[in-house]
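S.K.: So here's structure.pdb, just PDB, C-alpha atoms, pLDDT in the B column:
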MODEL        1
ATOM      1  CA  THR H 168      30.892   5.728   7.439  1.00 49.00           C
ATOM      2  CA  VAL H 169      28.367   7.012   4.921  1.00 61.00           C
ATOM      3  CA  THR H 170      26.943   9.777   7.138  1.00 65.00           C
ATOM      4  CA  ASP H 171      27.173  11.137  10.657  1.00 65.00           C
ATOM      5  CA  GLN H 172      23.418  11.784  10.795  1.00 75.00           C
ATOM      6  CA  PRO H 173      21.066   9.659  12.934  1.00 83.00           C
ATOM      7  CA  GLU H 174      19.034   7.020  11.073  1.00 89.00           C
ATOM      8  CA  LYS H 175      15.778   8.944  11.591  1.00 89.00           C
ATOM      9  CA  VAL H 176      17.243  11.996   9.866  1.00 89.00           C
ATOM     10  CA  VAL H 177      18.426   9.903   6.916  1.00 92.00           C
ATOM     11  CA  VAL H 178      15.006   8.267   6.608  1.00 95.00           C
ATOM     12  CA  SER H 179      13.126  11.572   6.745  1.00 94.00           C
ATOM     13  CA  GLU H 180      15.412  13.089   4.112  1.00 92.00           C
ATOM     14  CA  ILE H 181      14.939  10.093   1.793  1.00 96.00           C
ATOM     15  CA  ILE H 182      11.150  10.507   2.043  1.00 96.00           C
ATOM     16  CA  ARG H 183      11.316  14.283   1.561  1.00 93.00           C
ATOM     17  CA  GLU H 184      13.552  13.866  -1.488  1.00 93.00           C
ATOM     18  CA  LYS H 185      10.984  11.552  -3.099  1.00 95.00           C
ATOM     19  CA  ILE H 186       8.218  14.083  -2.404  1.00 94.00           C
ATOM     20  CA  LEU H 187      10.210  16.868  -4.022  1.00 91.00           C
ATOM     21  CA  ARG H 188      11.143  14.738  -7.035  1.00 92.00           C
ATOM     22  CA  LEU H 189       7.613  13.469  -7.675  1.00 92.00           C
ATOM     23  CA  CYS H 190       5.799  16.738  -6.900  1.00 88.00           C
ATOM     24  CA  ASP H 191       8.457  19.283  -7.874  1.00 76.00           C
ATOM     25  CA  LYS H 192       6.249  21.390 -10.133  1.00 75.00           C
ATOM     26  CA  GLU H 193       3.274  21.400  -7.768  1.00 75.00           C
ATOM     27  CA  ILE H 194       4.501  21.410  -4.164  1.00 72.00           C
ATOM     28  CA  PRO H 195       6.645  24.170  -2.735  1.00 64.00           C
ATOM     29  CA  HIS H 196       9.390  23.133  -0.390  1.00 73.00           C
ATOM     30  CA  GLY H 197       6.974  23.533   2.541  1.00 82.00           C
ATOM     31  CA  THR H 198       6.985  19.887   3.528  1.00 88.00           C
ATOM     32  CA  ALA H 199       8.451  18.310   6.614  1.00 90.00           C
ATOM     33  CA  VAL H 200       8.797  14.637   7.455  1.00 93.00           C
ATOM     34  CA  VAL H 201       8.664  13.467  11.064  1.00 92.00           C
ATOM     35  CA  ILE H 202       9.588   9.889  11.963  1.00 94.00           C
ATOM     36  CA  GLU H 203       7.051   8.870  14.594  1.00 94.00           C
ATOM     37  CA  ASP H 204       8.237   5.292  15.058  1.00 95.00           C
ATOM     38  CA  PHE H 205      11.392   3.427  14.067  1.00 95.00           C
ATOM     39  CA  THR H 206      11.747  -0.155  15.261  1.00 95.00           C
ATOM     40  CA  GLU H 207      14.014  -2.997  14.252  1.00 94.00           C
ATOM     41  CA  ASP H 208      13.214  -6.700  14.612  1.00 93.00           C
ATOM     42  CA  ASP H 209      13.102  -9.089  11.656  1.00 93.00           C
ATOM     43  CA  MET H 210      12.869  -5.936   9.520  1.00 96.00           C
ATOM     44  CA  ILE H 211      12.864  -2.178  10.019  1.00 97.00           C
ATOM     45  CA  ARG H 212       9.406  -0.727  10.614  1.00 97.00           C
ATOM     46  CA  ILE H 213       8.939   2.990  10.122  1.00 97.00           C
ATOM     47  CA  ARG H 214       5.898   5.207  10.615  1.00 98.00           C
ATOM     48  CA  ALA H 215       6.379   8.681   9.197  1.00 97.00           C
ATOM     49  CA  GLU H 216       4.162  11.737   8.999  1.00 95.00           C
ATOM     50  CA  ILE H 217       4.476  14.132   6.092  1.00 95.00           C
ATOM     51  CA  PHE H 218       3.391  17.660   6.971  1.00 93.00           C
ATOM     52  CA  CYS H 219       2.351  20.214   4.366  1.00 91.00           C
ATOM     53  CA  GLU H 220       0.872  23.690   4.712  1.00 89.00           C
ATOM     54  CA  LYS H 221      -2.354  23.463   2.689  1.00 89.00           C
ATOM     55  CA  GLN H 222      -5.142  20.968   2.111  1.00 92.00           C
ATOM     56  CA  SER H 223      -4.550  21.320  -1.631  1.00 90.00           C
ATOM     57  CA  HIS H 224      -0.909  20.271  -1.100  1.00 91.00           C
ATOM     58  CA  LYS H 225      -2.085  17.191   0.790  1.00 93.00           C
ATOM     59  CA  GLY H 226      -4.232  16.257  -2.201  1.00 92.00           C
ATOM     60  CA  ILE H 227      -1.247  16.592  -4.516  1.00 92.00           C
ATOM     61  CA  ILE H 228       1.015  14.498  -2.269  1.00 94.00           C
ATOM     62  CA  VAL H 229      -1.609  11.779  -1.861  1.00 94.00           C
ATOM     63  CA  GLY H 230      -2.627  11.908  -5.533  1.00 93.00           C
ATOM     64  CA  LYS H 231      -5.602  10.331  -7.225  1.00 94.00           C
ATOM     65  CA  ASN H 232      -6.520   7.116  -5.380  1.00 95.00           C
ATOM     66  CA  GLY H 233      -3.319   7.475  -3.348  1.00 95.00           C
ATOM     67  CA  GLU H 234      -1.091   6.819  -6.354  1.00 96.00           C
ATOM     68  CA  THR H 235       1.485   9.558  -5.694  1.00 95.00           C
ATOM     69  CA  LEU H 236       1.835   8.609  -2.023  1.00 96.00           C
ATOM     70  CA  LYS H 237       2.283   4.962  -3.046  1.00 97.00           C
ATOM     71  CA  LYS H 238       5.098   5.975  -5.415  1.00 97.00           C
ATOM     72  CA  ILE H 239       6.732   8.133  -2.743  1.00 97.00           C
ATOM     73  CA  GLY H 240       6.593   5.202  -0.329  1.00 97.00           C
ATOM     74  CA  SER H 241       7.828   2.625  -2.822  1.00 98.00           C
ATOM     75  CA  TYR H 242      10.769   4.698  -4.034  1.00 98.00           C
ATOM     76  CA  ALA H 243      11.719   5.719  -0.486  1.00 98.00           C
ATOM     77  CA  ARG H 244      11.473   2.124   0.763  1.00 98.00           C
ATOM     78  CA  GLU H 245      13.746   0.919  -2.055  1.00 97.00           C
ATOM     79  CA  ASP H 246      16.401   3.486  -1.097  1.00 97.00           C
ATOM     80  CA  MET H 247      16.063   2.651   2.594  1.00 97.00           C
ATOM     81  CA  GLU H 248      16.449  -1.079   1.953  1.00 97.00           C
ATOM     82  CA  ALA H 249      19.603  -0.392  -0.037  1.00 96.00           C
ATOM     83  CA  PHE H 250      20.915   1.911   2.715  1.00 94.00           C
ATOM     84  CA  PHE H 251      20.131  -0.396   5.657  1.00 94.00           C
ATOM     85  CA  GLY H 252      20.683  -3.702   3.850  1.00 95.00           C
ATOM     86  CA  THR H 253      17.430  -5.198   5.139  1.00 96.00           C
ATOM     87  CA  LYS H 254      13.688  -5.192   4.471  1.00 97.00           C
ATOM     88  CA  VAL H 255      11.778  -2.038   5.407  1.00 97.00           C
ATOM     89  CA  TYR H 256       8.080  -1.649   6.146  1.00 97.00           C
ATOM     90  CA  LEU H 257       7.168   2.011   5.580  1.00 97.00           C
ATOM     91  CA  ASN H 258       3.879   3.517   6.744  1.00 98.00           C
ATOM     92  CA  LEU H 259       3.268   7.092   5.541  1.00 97.00           C
ATOM     93  CA  TRP H 260       0.632   9.588   6.674  1.00 97.00           C
ATOM     94  CA  VAL H 261       0.024  13.065   5.262  1.00 96.00           C
ATOM     95  CA  LYS H 262      -1.176  15.860   7.538  1.00 94.00           C
ATOM     96  CA  VAL H 263      -1.863  19.547   7.081  1.00 92.00           C
ATOM     97  CA  LYS H 264      -0.353  22.045   9.509  1.00 87.00           C
ATOM     98  CA  GLU H 265      -0.960  25.522   8.173  1.00 84.00           C
ATOM     99  CA  LYS H 266       1.896  28.024   8.325  1.00 77.00           C
ATOM    100  CA  TRP H 267       4.169  25.578  10.166  1.00 78.00           C
ATOM    101  CA  ARG H 268       7.237  27.301   8.726  1.00 75.00           C
ATOM    102  CA  ASP H 269       6.222  30.532  10.513  1.00 78.00           C
ATOM    103  CA  ASN H 270       5.835  28.854  13.915  1.00 75.00           C
ATOM    104  CA  GLN H 271       8.987  28.369  15.987  1.00 79.00           C
ATOM    105  CA  LEU H 272       7.389  25.619  18.111  1.00 76.00           C
ATOM    106  CA  SER H 273       6.466  23.652  14.964  1.00 74.00           C
ATOM    107  CA  LEU H 274       9.967  24.123  13.579  1.00 72.00           C
ATOM    108  CA  ASN H 275      11.433  22.798  16.820  1.00 74.00           C
ATOM    109  CA  ASN H 276       8.997  19.861  16.882  1.00 74.00           C
ATOM    110  CA  PHE H 277       9.933  18.985  13.304  1.00 73.00           C
ATOM    111  CA  GLY H 278      13.607  18.937  14.263  1.00 73.00           C
ATOM    112  CA  PHE H 279      14.718  22.164  12.586  1.00 71.00           C
ATOM    113  CA  LYS H 280      17.351  24.167  14.424  1.00 66.00           C
ATOM    114  CA  PRO H 281      17.741  27.943  13.991  1.00 57.00           C
ATOM    115  CA  GLU H 282      21.059  27.418  12.175  1.00 56.00           C
ATOM    116  CA  ASP H 283      19.279  25.152   9.656  1.00 57.00           C
ATOM    117  CA  LEU H 284      17.043  28.046   8.658  1.00 52.00           C
ATOM    118  CA  ASP H 285      19.733  30.658   8.096  1.00 51.00           C
ATOM    119  CA  ASN H 286      20.341  29.492   4.510  1.00 47.00           C
TER     120      ASN H 286
ENDMDL
END
Can you give me the file's structure in the form of structure tokens?
M.R.:
Amino acid sequence: TVTDQPEKVVVSEIIREKILRLCDKEIPHGTAVVIEDFTEDDMIRIRAEIFCEKQSHKGIIVGKNGETLKKIGSYAREDMEAFFGTKVYLNLWVKVKEKWRDNQLSLNNFGFKPEDLDN
């Protein structure tokens, strides 16, 4: 057993790690990744939404001509394929939700529990 976390949690953390690595100087840690769809057939198909707090952050995550988002997706997909041992189709969307970290409903919707936020 590599982890006791559900696959969706692992996938969202892989994506978030790539965001933080590629945008570490520009994006604060105010990003959340929500897995909207996770299906398995001949390959794993994932649709994920990346939430940030400002329109300017969205521009940084997407990058010029979508280049940063493409890198995030490519690097995350490579890690996921290694983790799952099969092909992965990854579809990423970036959305702005202002002050989501200050909204308990948003935190709950994004899968954060109160004990996660105590640190």
S.K.: Can you pull out every residue within 12 Å of Val261 (chain H), counting all atoms listed in the file, but drop anything in the same chain fewer than 3 positions away, and send it as an mmCIF file with C-alpha atoms, keeping the file's coordinate frame?
M.R.:
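Output file around_19.cif is given in full below:
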data_model
loop_
_atom_site.group_PDB
_atom_site.id
_atom_site.type_symbol
_atom_site.label_atom_id
_atom_site.label_comp_id
_atom_site.auth_asym_id
_atom_site.auth_seq_id
_atom_site.Cartn_x
_atom_site.Cartn_y
_atom_site.Cartn_z
ATOM 1 C CA ILE H 182 11.150 10.507 2.043
ATOM 2 C CA ARG H 183 11.316 14.283 1.561
ATOM 3 C CA ILE H 186 8.218 14.083 -2.404
ATOM 4 C CA THR H 198 6.985 19.887 3.528
ATOM 5 C CA ALA H 199 8.451 18.310 6.614
ATOM 6 C CA VAL H 200 8.797 14.637 7.455
ATOM 7 C CA VAL H 201 8.664 13.467 11.064
ATOM 8 C CA ARG H 214 5.898 5.207 10.615
ATOM 9 C CA ALA H 215 6.379 8.681 9.197
ATOM 10 C CA GLU H 216 4.162 11.737 8.999
ATOM 11 C CA ILE H 217 4.476 14.132 6.092
ATOM 12 C CA PHE H 218 3.391 17.660 6.971
ATOM 13 C CA CYS H 219 2.351 20.214 4.366
ATOM 14 C CA GLU H 220 0.872 23.690 4.712
ATOM 15 C CA LYS H 221 -2.354 23.463 2.689
ATOM 16 C CA GLN H 222 -5.142 20.968 2.111
ATOM 17 C CA SER H 223 -4.550 21.320 -1.631
ATOM 18 C CA HIS H 224 -0.909 20.271 -1.100
ATOM 19 C CA LYS H 225 -2.085 17.191 0.790
ATOM 20 C CA GLY H 226 -4.232 16.257 -2.201
ATOM 21 C CA ILE H 227 -1.247 16.592 -4.516
ATOM 22 C CA ILE H 228 1.015 14.498 -2.269
ATOM 23 C CA VAL H 229 -1.609 11.779 -1.861
ATOM 24 C CA GLY H 230 -2.627 11.908 -5.533
ATOM 25 C CA GLY H 233 -3.319 7.475 -3.348
ATOM 26 C CA THR H 235 1.485 9.558 -5.694
ATOM 27 C CA LEU H 236 1.835 8.609 -2.023
ATOM 28 C CA LYS H 237 2.283 4.962 -3.046
ATOM 29 C CA ILE H 239 6.732 8.133 -2.743
ATOM 30 C CA GLY H 240 6.593 5.202 -0.329
ATOM 31 C CA ASN H 258 3.879 3.517 6.744
ATOM 32 C CA LYS H 264 -0.353 22.045 9.509
#
S.K.: When the PyMOL selection byres ((chain H and resi 213) around 8) is applied to the file above, which residues end up in the set, as a CSV table (one decimal) with C-alpha atoms, in the frame of the given file?
M.R.:
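And here is the file that came out, selection.csv:
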chain,number,residue,atom,x,y,z
H,202,ILE,CA,9.6,9.9,12.0
H,203,GLU,CA,7.1,8.9,14.6
H,204,ASP,CA,8.2,5.3,15.1
H,205,PHE,CA,11.4,3.4,14.1
H,206,THR,CA,11.7,-0.2,15.3
H,211,ILE,CA,12.9,-2.2,10.0
H,212,ARG,CA,9.4,-0.7,10.6
H,214,ARG,CA,5.9,5.2,10.6
H,215,ALA,CA,6.4,8.7,9.2
H,255,VAL,CA,11.8,-2.0,5.4
H,256,TYR,CA,8.1,-1.6,6.1
H,257,LEU,CA,7.2,2.0,5.6
H,258,ASN,CA,3.9,3.5,6.7
S.K.: I'd like the box whose edges run along x, y and z of the file and which contains every listed atom of region 252-270 of chain H, padded by 5 Å per side; could you state its centre and edge lengths in Å, one decimal, as AutoDock Vina command-line options?
M.R.:
--center_x 9.4 --center_y 12.7 --center_z 8.9 --size_x 32.5 --size_y 45.7 --size_z 20.1
S.K.: Please measure the separation of CA of Leu189 (chain H) and CA of Lys231 (chain H), giving the value in Å to one decimal.
M.R.: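 Rounded to one decimal, the two atoms are 13.6 Å apart.
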